[in-house]
$ cat entry-v4.csv   # CSV, C-alpha atoms and all ligand atoms
chain,number,residue,atom,x,y,z
S,1409,MET,CA,-39.9,29.2,-27.4
S,1410,ASN,CA,-38.3,26.8,-24.9
S,1411,GLN,CA,-37.2,23.3,-26.2
S,1412,PRO,CA,-39.6,20.6,-25.2
S,1413,GLN,CA,-38.0,18.4,-22.4
S,1414,SER,CA,-38.2,14.7,-21.9
S,1415,THR,CA,-39.8,13.4,-18.7
S,1416,ALA,CA,-36.4,12.4,-17.4
S,1417,GLY,CA,-35.1,15.9,-18.2
S,1418,LEU,CA,-38.1,17.5,-16.4
S,1419,LEU,CA,-37.5,15.3,-13.4
S,1420,GLU,CA,-33.8,16.2,-13.4
S,1421,ALA,CA,-34.8,19.9,-13.5
S,1422,ILE,CA,-37.2,19.7,-10.5
S,1423,GLN,CA,-35.1,17.3,-8.5
S,1424,PRO,CA,-32.8,19.9,-6.9
S,1425,MET,CA,-35.9,21.6,-5.5
S,1426,ARG,CA,-37.0,18.4,-3.8
S,1427,ARG,CA,-33.6,17.8,-2.3
S,1428,ASP,CA,-32.4,19.3,1.0
S,1429,PHE,CA,-28.8,19.4,0.0
S,1430,THR,CA,-26.9,20.7,-3.1
S,1431,TYR,CA,-25.9,17.6,-5.1
S,1432,THR,CA,-24.5,17.8,-8.6
S,1433,GLY,CA,-23.3,15.3,-11.2
S,1434,ALA,CA,-19.8,16.4,-10.4
S,1435,ASP,CA,-20.4,15.6,-6.7
S,1436,PHE,CA,-21.6,12.1,-7.7
S,1437,GLU,CA,-18.5,11.5,-9.9
S,1438,ARG,CA,-16.3,12.6,-7.0
S,1439,ILE,CA,-18.0,10.2,-4.7
S,1440,THR,CA,-17.6,7.3,-7.1
S,1441,ARG,CA,-13.8,8.1,-7.4
S,1442,LEU,CA,-13.4,8.3,-3.6
S,1443,ILE,CA,-15.3,5.1,-2.7
S,1444,TYR,CA,-13.5,3.2,-5.5
S,1445,LYS,CA,-10.2,4.3,-4.2
S,1446,ARG,CA,-11.1,3.5,-0.5
S,1447,ALA,CA,-13.1,0.3,-0.8
S,1448,GLY,CA,-12.8,-0.9,-4.4
S,1449,ILE,CA,-16.6,-0.4,-4.9
S,1450,ALA,CA,-17.5,0.5,-8.4
S,1451,LEU,CA,-20.7,2.6,-8.3
S,1452,ALA,CA,-22.8,2.6,-11.5
S,1453,ALA,CA,-24.4,5.8,-12.7
S,1454,SER,CA,-27.8,4.4,-11.8
S,1455,LYS,CA,-26.8,4.7,-8.1
S,1456,ARG,CA,-26.8,8.5,-8.1
S,1457,ASP,CA,-30.1,8.8,-6.1
S,1458,MET,CA,-29.2,6.0,-3.7
S,1459,VAL,CA,-25.9,7.7,-2.9
S,1460,TYR,CA,-27.7,11.0,-2.2
S,1461,ASN,CA,-30.1,9.2,0.1
S,1462,ARG,CA,-27.4,7.4,2.0
S,1463,LEU,CA,-25.0,10.3,2.4
S,1464,SER,CA,-27.5,13.0,3.1
S,1465,ARG,CA,-27.8,11.6,6.7
S,1466,ARG,CA,-24.1,12.4,7.1
S,1467,LEU,CA,-24.5,16.0,5.8
S,1468,ARG,CA,-27.4,16.4,8.3
S,1469,ALA,CA,-25.3,15.0,11.1
S,1470,LEU,CA,-22.5,17.5,10.3
S,1471,SER,CA,-24.9,20.4,9.7
S,1472,LEU,CA,-23.6,20.8,6.1
S,1473,THR,CA,-25.8,21.9,3.2
S,1474,ARG,CA,-23.7,21.1,0.2
S,1475,PHE,CA,-22.2,17.8,-0.9
S,1476,ASP,CA,-19.0,19.5,-2.2
S,1477,ASP,CA,-18.3,20.9,1.3
S,1478,TYR,CA,-18.7,17.3,2.7
S,1479,LEU,CA,-16.3,15.9,0.0
S,1480,ASP,CA,-13.8,18.8,0.6
S,1481,ARG,CA,-13.7,17.8,4.3
S,1482,LEU,CA,-13.0,14.2,3.4
S,1483,GLU,CA,-10.3,15.0,0.9
S,1484,GLN,CA,-8.5,17.4,3.2
S,1485,ASP,CA,-7.7,14.7,5.7
S,1486,ASP,CA,-7.1,11.0,4.9
S,1487,LEU,CA,-7.4,10.1,8.6
S,1488,ASP,CA,-10.7,12.0,9.3
S,1489,PRO,CA,-13.0,9.5,11.2
S,1490,GLU,CA,-15.7,10.7,8.8
S,1491,TRP,CA,-14.2,8.4,6.2
S,1492,GLN,CA,-15.5,5.4,8.1
S,1493,HIS,CA,-19.1,6.9,8.1
S,1494,PHE,CA,-18.7,7.6,4.4
S,1495,VAL,CA,-17.7,3.9,3.7
S,1496,ASN,CA,-20.4,2.5,6.0
S,1497,ALA,CA,-23.0,4.5,4.2
S,1498,LEU,CA,-22.0,3.3,0.8
S,1499,THR,CA,-21.6,-0.4,1.4
S,1500,THR,CA,-24.5,-2.8,0.6
S,1501,ASN,CA,-25.0,-5.3,3.4
S,1502,THR,CA,-27.8,-7.7,2.1
S,1503,THR,CA,-27.4,-11.1,3.6
S,1504,SER,CA,-29.3,-13.9,5.3
S,1505,PHE,CA,-28.8,-17.1,7.4
S,1506,PHE,CA,-27.7,-20.1,5.3
S,1507,ARG,CA,-27.7,-18.1,2.2
S,1508,GLU,CA,-26.7,-20.2,-0.8
S,1509,GLY,CA,-27.4,-23.3,1.3
S,1510,HIS,CA,-25.5,-25.8,-1.0
S,1511,HIS,CA,-22.2,-24.5,0.5
S,1512,PHE,CA,-22.9,-25.7,4.0
S,1513,PRO,CA,-22.9,-29.5,3.5
S,1514,VAL,CA,-19.6,-29.0,1.5
S,1515,LEU,CA,-18.2,-27.2,4.5
S,1516,ALA,CA,-19.4,-29.9,6.8
S,1517,ASP,CA,-17.6,-32.6,4.7
S,1518,LEU,CA,-14.4,-30.4,4.7
S,1519,LEU,CA,-14.5,-30.1,8.5
S,1520,ARG,CA,-14.9,-33.9,8.9
S,1521,ARG,CA,-11.9,-34.4,6.7
S,1522,CYS,CA,-9.7,-31.8,8.5
S,1523,ILE,CA,-10.5,-32.5,12.1
S,1524,GLY,CA,-8.5,-35.8,12.3
S,1525,ASN,CA,-5.4,-33.9,11.0
S,1526,HIS,CA,-5.4,-30.4,12.4
S,1527,ALA,CA,-7.6,-27.7,14.0
S,1528,PRO,CA,-9.6,-26.2,11.1
S,1529,ALA,CA,-9.7,-22.5,10.4
S,1530,ILE,CA,-12.3,-20.6,8.4
S,1531,TRP,CA,-12.4,-17.0,7.3
S,1532,CYS,CA,-15.6,-15.2,6.4
S,1533,ALA,CA,-14.3,-12.2,4.5
S,1534,ALA,CA,-17.4,-10.1,4.0
S,1535,ALA,CA,-19.4,-11.0,7.1
S,1536,SER,CA,-21.9,-8.1,7.0
S,1537,THR,CA,-24.4,-8.3,9.9
S,1538,GLY,CA,-23.2,-11.8,11.0
S,1539,GLU,CA,-25.8,-14.1,9.4
S,1540,GLU,CA,-23.1,-15.8,7.3
S,1541,PRO,CA,-20.4,-16.4,10.0
S,1542,TYR,CA,-23.1,-17.6,12.4
S,1543,SER,CA,-24.3,-20.0,9.7
S,1544,ILE,CA,-20.7,-21.2,9.5
S,1545,ALA,CA,-20.5,-21.6,13.3
S,1546,MET,CA,-23.8,-23.5,13.4
S,1547,THR,CA,-22.5,-25.9,10.8
S,1548,VAL,CA,-19.2,-26.3,12.7
S,1549,ALA,CA,-21.1,-27.0,16.0
S,1550,ASP,CA,-23.6,-29.4,14.4
S,1551,THR,CA,-20.9,-31.3,12.5
S,1552,LEU,CA,-18.2,-31.5,15.1
S,1553,GLY,CA,-20.0,-31.5,18.4
S,1554,PRO,CA,-17.5,-31.2,21.3
S,1555,GLN,CA,-14.6,-30.9,18.8
S,1556,ALA,CA,-16.1,-27.6,17.5
S,1557,SER,CA,-14.1,-25.6,20.1
S,1558,ARG,CA,-11.0,-26.5,18.1
S,1559,VAL,CA,-12.2,-24.5,15.1
S,1560,ARG,CA,-11.1,-20.9,14.5
S,1561,ILE,CA,-13.6,-18.7,12.7
S,1562,VAL,CA,-12.6,-15.2,11.7
S,1563,ALA,CA,-15.4,-12.9,10.5
S,1564,SER,CA,-14.4,-9.6,8.9
S,1565,ASP,CA,-16.0,-6.7,7.0
S,1566,LEU,CA,-15.0,-3.2,6.0
S,1567,ASP,CA,-18.1,-1.7,7.5
S,1568,THR,CA,-17.8,-1.1,11.3
S,1569,GLU,CA,-21.5,-0.7,11.8
S,1570,VAL,CA,-22.4,-4.1,10.5
S,1571,LEU,CA,-19.6,-5.6,12.5
S,1572,GLU,CA,-21.2,-4.2,15.7
S,1573,VAL,CA,-24.5,-5.8,14.7
S,1574,ALA,CA,-22.7,-9.1,14.0
S,1575,ALA,CA,-20.9,-9.1,17.3
S,1576,ALA,CA,-24.1,-8.5,19.2
S,1577,GLY,CA,-25.8,-11.4,17.5
S,1578,VAL,CA,-29.4,-10.1,18.0
S,1579,TYR,CA,-31.8,-10.4,15.1
S,1580,PRO,CA,-35.5,-9.7,14.6
S,1581,MET,CA,-37.5,-13.0,14.5
S,1582,GLU,CA,-38.3,-12.5,10.8
S,1583,ARG,CA,-34.6,-13.1,10.0
S,1584,VAL,CA,-34.8,-16.6,11.3
S,1585,GLU,CA,-38.3,-17.6,10.2
S,1586,ARG,CA,-37.2,-19.9,7.5
S,1587,MET,CA,-34.5,-21.7,9.6
S,1588,ASP,CA,-35.0,-25.3,10.6
S,1589,PRO,CA,-36.8,-25.0,14.0
S,1590,ARG,CA,-34.4,-27.5,15.6
S,1591,VAL,CA,-31.4,-25.5,14.5
S,1592,LEU,CA,-33.1,-22.4,15.8
S,1593,GLN,CA,-33.8,-24.0,19.1
S,1594,ARG,CA,-30.3,-25.2,19.5
S,1595,HIS,CA,-28.5,-22.0,18.7
S,1596,PHE,CA,-30.7,-19.1,19.6
S,1597,GLN,CA,-32.4,-17.7,22.6
S,1598,LYS,CA,-35.8,-15.9,22.4
S,1599,GLY,CA,-35.8,-12.3,23.6
S,1600,ARG,CA,-38.2,-11.3,26.5
S,1601,GLY,CA,-39.4,-7.9,27.7
S,1602,ALA,CA,-37.7,-5.1,25.7
S,1603,GLN,CA,-36.1,-7.8,23.5
S,1604,SER,CA,-39.4,-9.6,22.6
S,1605,GLY,CA,-39.7,-10.2,18.9
S,1606,ASN,CA,-35.9,-10.7,18.7
S,1607,VAL,CA,-33.7,-13.7,19.0
S,1608,ARG,CA,-30.1,-13.8,20.2
S,1609,VAL,CA,-27.4,-16.2,19.1
S,1610,ARG,CA,-26.3,-18.3,22.1
S,1611,PRO,CA,-23.1,-17.1,23.8
S,1612,GLU,CA,-21.2,-20.3,23.1
S,1613,LEU,CA,-21.8,-19.8,19.3
S,1614,ARG,CA,-20.8,-16.1,19.6
S,1615,ARG,CA,-17.6,-17.0,21.4
S,1616,MET,CA,-16.5,-19.2,18.4
S,1617,ILE,CA,-16.1,-16.2,16.2
S,1618,GLU,CA,-13.5,-13.5,16.1
S,1619,PHE,CA,-14.9,-10.3,14.6
S,1620,THR,CA,-12.5,-7.9,13.0
S,1621,GLN,CA,-12.3,-5.1,10.5
S,1622,VAL,CA,-10.6,-5.9,7.2
S,1623,ASN,CA,-10.5,-4.0,4.0
S,1624,LEU,CA,-10.1,-6.5,1.2
S,1625,LEU,CA,-8.3,-3.8,-0.8
S,1626,ASP,CA,-5.4,-3.8,1.6
S,1627,THR,CA,-2.3,-5.2,0.0
S,1628,THR,CA,-1.3,-6.8,3.3
S,1629,LEU,CA,-4.3,-8.6,4.7
S,1630,PRO,CA,-4.3,-8.4,8.5
S,1631,VAL,CA,-5.5,-12.0,9.0
S,1632,LYS,CA,-3.4,-15.0,9.9
S,1633,GLY,CA,-3.8,-18.1,7.8
S,1634,PRO,CA,-3.7,-20.8,6.8
S,1635,PHE,CA,-7.4,-21.3,6.3
S,1636,ASP,CA,-9.2,-24.5,5.3
S,1637,ALA,CA,-12.1,-22.4,3.9
S,1638,ILE,CA,-12.5,-18.8,2.8
S,1639,PHE,CA,-16.0,-17.5,2.3
S,1640,CYS,CA,-15.9,-14.4,0.2
S,1641,ARG,CA,-19.5,-14.3,-1.0
S,1642,ASN,CA,-21.4,-11.5,-2.7
S,1643,VAL,CA,-18.8,-8.8,-2.3
S,1644,LEU,CA,-16.7,-9.4,-5.5
S,1645,ILE,CA,-19.7,-8.2,-7.5
S,1646,TYR,CA,-19.1,-4.7,-6.2
S,1647,PHE,CA,-15.6,-4.6,-7.6
S,1648,ASP,CA,-14.4,-4.3,-11.2
S,1649,ARG,CA,-12.6,-7.2,-12.8
S,1650,ALA,CA,-9.1,-5.8,-12.1
S,1651,THR,CA,-9.9,-5.3,-8.4
S,1652,GLN,CA,-11.5,-8.8,-8.2
S,1653,ALA,CA,-8.3,-10.3,-9.5
S,1654,GLN,CA,-6.1,-8.4,-7.1
S,1655,VAL,CA,-8.3,-9.3,-4.1
S,1656,VAL,CA,-8.6,-13.1,-4.9
S,1657,LYS,CA,-4.9,-13.4,-5.7
S,1658,ARG,CA,-4.1,-12.3,-2.1
S,1659,PHE,CA,-6.3,-15.1,-0.8
S,1660,ALA,CA,-4.2,-17.9,-2.4
S,1661,PRO,CA,-1.3,-17.8,0.1
S,1662,LEU,CA,-3.8,-17.8,3.0
S,1663,LEU,CA,-5.5,-21.0,1.9
S,1664,ARG,CA,-4.3,-24.5,2.8
S,1665,PRO,CA,-3.3,-26.5,-0.3
S,1666,ASP,CA,-6.5,-28.6,0.0
S,1667,GLY,CA,-8.6,-25.7,1.2
S,1668,LEU,CA,-11.8,-24.3,-0.5
S,1669,MET,CA,-12.8,-20.9,-1.5
S,1670,PHE,CA,-16.6,-20.1,-1.5
S,1671,ILE,CA,-18.0,-17.2,-3.6
S,1672,GLY,CA,-21.4,-15.8,-4.4
S,1673,HIS,CA,-24.0,-17.1,-6.8
S,1674,SER,CA,-23.4,-14.4,-9.5
S,1675,GLU,CA,-19.6,-14.4,-9.1
S,1676,SER,CA,-16.9,-16.5,-10.8
S,1677,LEU,CA,-13.1,-16.9,-10.6
S,1678,PHE,CA,-12.7,-17.9,-14.3
S,1679,HIS,CA,-10.5,-14.8,-14.9
S,1680,VAL,CA,-8.0,-16.1,-12.4
S,1681,SER,CA,-8.1,-19.7,-13.7
S,1682,ASP,CA,-4.3,-19.9,-13.3
S,1683,ILE,CA,-4.9,-19.7,-9.5
S,1684,PHE,CA,-8.3,-21.2,-8.7
S,1685,ARG,CA,-10.0,-24.2,-10.2
S,1686,LEU,CA,-13.8,-24.9,-10.1
S,1687,GLN,CA,-14.7,-27.7,-7.7
S,1688,GLY,CA,-18.4,-27.4,-7.3
S,1689,GLN,CA,-21.2,-24.8,-7.6
S,1690,THR,CA,-19.3,-21.5,-6.9
S,1691,ILE,CA,-16.7,-23.5,-4.9
S,1692,TYR,CA,-13.0,-23.3,-5.9
S,1693,SER,CA,-9.7,-24.9,-4.9
S,1694,LEU,CA,-6.1,-23.9,-5.6
S,1695,VAL,CA,-4.6,-24.9,-8.9
S,1696,ASN,CA,-1.2,-25.1,-7.4
S,1697,ARG,CA,-1.6,-27.2,-4.3
S,1698,GLY,CA,2.0,-26.7,-3.3
S,1701,LIG,C1,-23.9,-7.9,0.0
S,1701,LIG,S1,-22.9,-8.1,1.5
S,1701,LIG,C2,-22.6,-9.9,1.5
S,1701,LIG,C3,-22.7,-10.5,2.8
S,1701,LIG,C4,-22.4,-12.0,2.9
S,1701,LIG,N1,-21.1,-12.3,2.5
S,1701,LIG,C5,-23.4,-12.8,2.1
S,1701,LIG,O1,-23.1,-13.3,1.1
S,1701,LIG,O2,-24.6,-12.8,2.5
S,1701,LIG,C6,-21.3,-7.4,1.0
S,1701,LIG,C7,-20.4,-7.0,2.2
S,1701,LIG,O3,-19.1,-6.7,1.7
S,1701,LIG,C8,-18.6,-5.7,2.5
S,1701,LIG,N2,-17.5,-5.0,1.7
S,1701,LIG,C9,-17.6,-4.1,0.7
S,1701,LIG,N3,-16.4,-3.7,0.3
S,1701,LIG,C10,-15.5,-4.3,1.1
S,1701,LIG,C11,-14.1,-4.2,1.2
S,1701,LIG,N4,-13.4,-3.5,0.4
S,1701,LIG,N5,-13.5,-5.0,2.1
S,1701,LIG,C12,-14.3,-5.8,3.0
S,1701,LIG,N6,-15.6,-5.8,2.9
S,1701,LIG,C13,-16.2,-5.1,2.0
S,1701,LIG,C14,-19.8,-4.8,2.7
S,1701,LIG,O4,-19.6,-4.0,3.9
S,1701,LIG,C15,-20.9,-5.8,2.9
S,1701,LIG,O5,-21.1,-6.1,4.3
$ encode --input "entry-v4.csv" --output "structure tokens"
Amino acid sequence: MNQPQSTAGLLEAIQPMRRDFTYTGADFERITRLIYKRAGIALAASKRDMVYNRLSRRLRALSLTRFDDYLDRLEQDDLDPEWQHFVNALTTNTTSFFREGHHFPVLADLLRRCIGNHAPAIWCAAASTGEEPYSIAMTVADTLGPQASRVRIVASDLDTEVLEVAAAGVYPMERVERMDPRVLQRHFQKGRGAQSGNVRVRPELRRMIEFTQVNLLDTTLPVKGPFDAIFCRNVLIYFDRATQAQVVKRFAPLLRPDGLMFIGHSESLFHVSDIFRLQGQTIYSLVNRG
């Protein structure tokens, strides 16, 4: 007689029948190795189905039926443009305008302090679809008025698809519903016709930001400092501790001695306390201020 199976075991047994593509545990392990090496993203075992759902679109686009054929293709050529699709599919891009709102008054104070001395520079290092760099730009514009044009804002991400959305600056109305109506009125235009139901960031705000692709794993970061503020929020959580430490250590030389580093609500820099010191809620400064 057959051994009785657990519900999970039964589900596992019937899953391949419900799937369009052949996807094994070994495929998932191979994917976790590849995305870790490429982007530093450490995928938990619980992400197995999510990975299938996200990458099956790529198999369909390439008329492949087996995940191992897809992975063979990637591994055969380090420069295959498919790598970018692979990475784009596996990043998580959740974000919102003025997320972790306590950071923005601190940024405003920092800008007021800097503007008398030098032209401030800000780097938003995991910009996703743009809500974060535009929140930074709105803070700059509302704090500095005509002086805002002196501020340099760099917004980067590894994912090229989200960067395109960010550069376009068009969002469904629901994304801005909770924003202060005066801020909304100042910085957005309402879409009409085919764009009705959308809002667009005003061109003057879009022009304040330089969008560019940066992989935080790169040993030489292709951005020019020094920055008064680096926003690296809600991306470190996707990296393991060793990768987090490598990444944030590379930020230190890009930050001005009195600059600030902003991270996400569930992140900390306590494991690099020789480099960064806590200044406020998820806000750090350099220990060695030169
Ligand atoms: C959850 S979103 C956070 C967005 C925004 N910083 C916020 O806090 O709302 C994480 C972003 O990090 C990006 N990302 C993941 N790995 C990266 C890497 N190695 N280099 C640069 N960006 C990366 C993803 O593409 C994604 O857009």
$ residues_around --input "entry-v4.csv" --residues "range 1693-1698 of chain S" --least-positions-apart "6" --cutoff "8 Å" --atoms "all atoms listed in the file" --output "VMD selection string"
chain S and resid 1660 1665 to 1669 1681 to 1687
$ residues_around --input "entry-v4.csv" --residues "range 1642-1655 of chain S" --least-positions-apart "4" --cutoff "8 Å" --atoms "only C-alpha atoms" --output "number ranges by chain"
S: 1448-1451, 1534, 1624-1625, 1659, 1671-1675, 1679-1680
$ residues_near_ligand --input "entry-v4.csv" --ligand "ligand LIG 1701 (chain S)" --cutoff "9 Å" --atoms "only C-alpha atoms and all ligand atoms" --output "VMD selection string"
chain S and resid 1444 1446 to 1449 1495 to 1496 1498 to 1508 1532 to 1541 1564 to 1571 1621 to 1626 1639 to 1647 1655 1671 to 1673
$ residues_near_point --input "entry-v4.csv" --point "(-33.1, -11.9, 24.1)" --cutoff "10 Å" --atoms "all atoms listed in the file" --output "list in words"
Gly1577, Val1578, Tyr1579, Phe1596, Gln1597, Lys1598, Gly1599, Arg1600, Gly1601, Ala1602, Gln1603, Ser1604, Gly1605, Asn1606, Val1607, Arg1608, Val1609 and Arg1610 of chain S
$ write_last_selection --input "entry-v4.csv" --atoms "C-alpha atoms" --output "tab-separated table (two decimals), in the frame of the given file"
chain	number	residue	atom	x	y	z
S	1577	GLY	CA	-25.80	-11.40	17.50
S	1578	VAL	CA	-29.40	-10.10	18.00
S	1579	TYR	CA	-31.80	-10.40	15.10
S	1596	PHE	CA	-30.70	-19.10	19.60
S	1597	GLN	CA	-32.40	-17.70	22.60
S	1598	LYS	CA	-35.80	-15.90	22.40
S	1599	GLY	CA	-35.80	-12.30	23.60
S	1600	ARG	CA	-38.20	-11.30	26.50
S	1601	GLY	CA	-39.40	-7.90	27.70
S	1602	ALA	CA	-37.70	-5.10	25.70
S	1603	GLN	CA	-36.10	-7.80	23.50
S	1604	SER	CA	-39.40	-9.60	22.60
S	1605	GLY	CA	-39.70	-10.20	18.90
S	1606	ASN	CA	-35.90	-10.70	18.70
S	1607	VAL	CA	-33.70	-13.70	19.00
S	1608	ARG	CA	-30.10	-13.80	20.20
S	1609	VAL	CA	-27.40	-16.20	19.10
S	1610	ARG	CA	-26.30	-18.30	22.10
$ closest_residue --input "entry-v4.csv" --among "S:Thr1432, S:Leu1663, S:Ile1638, S:Ala1527" --to "Leu1515 in chain S" --atoms "only C-alpha atoms"
S:Ile1638
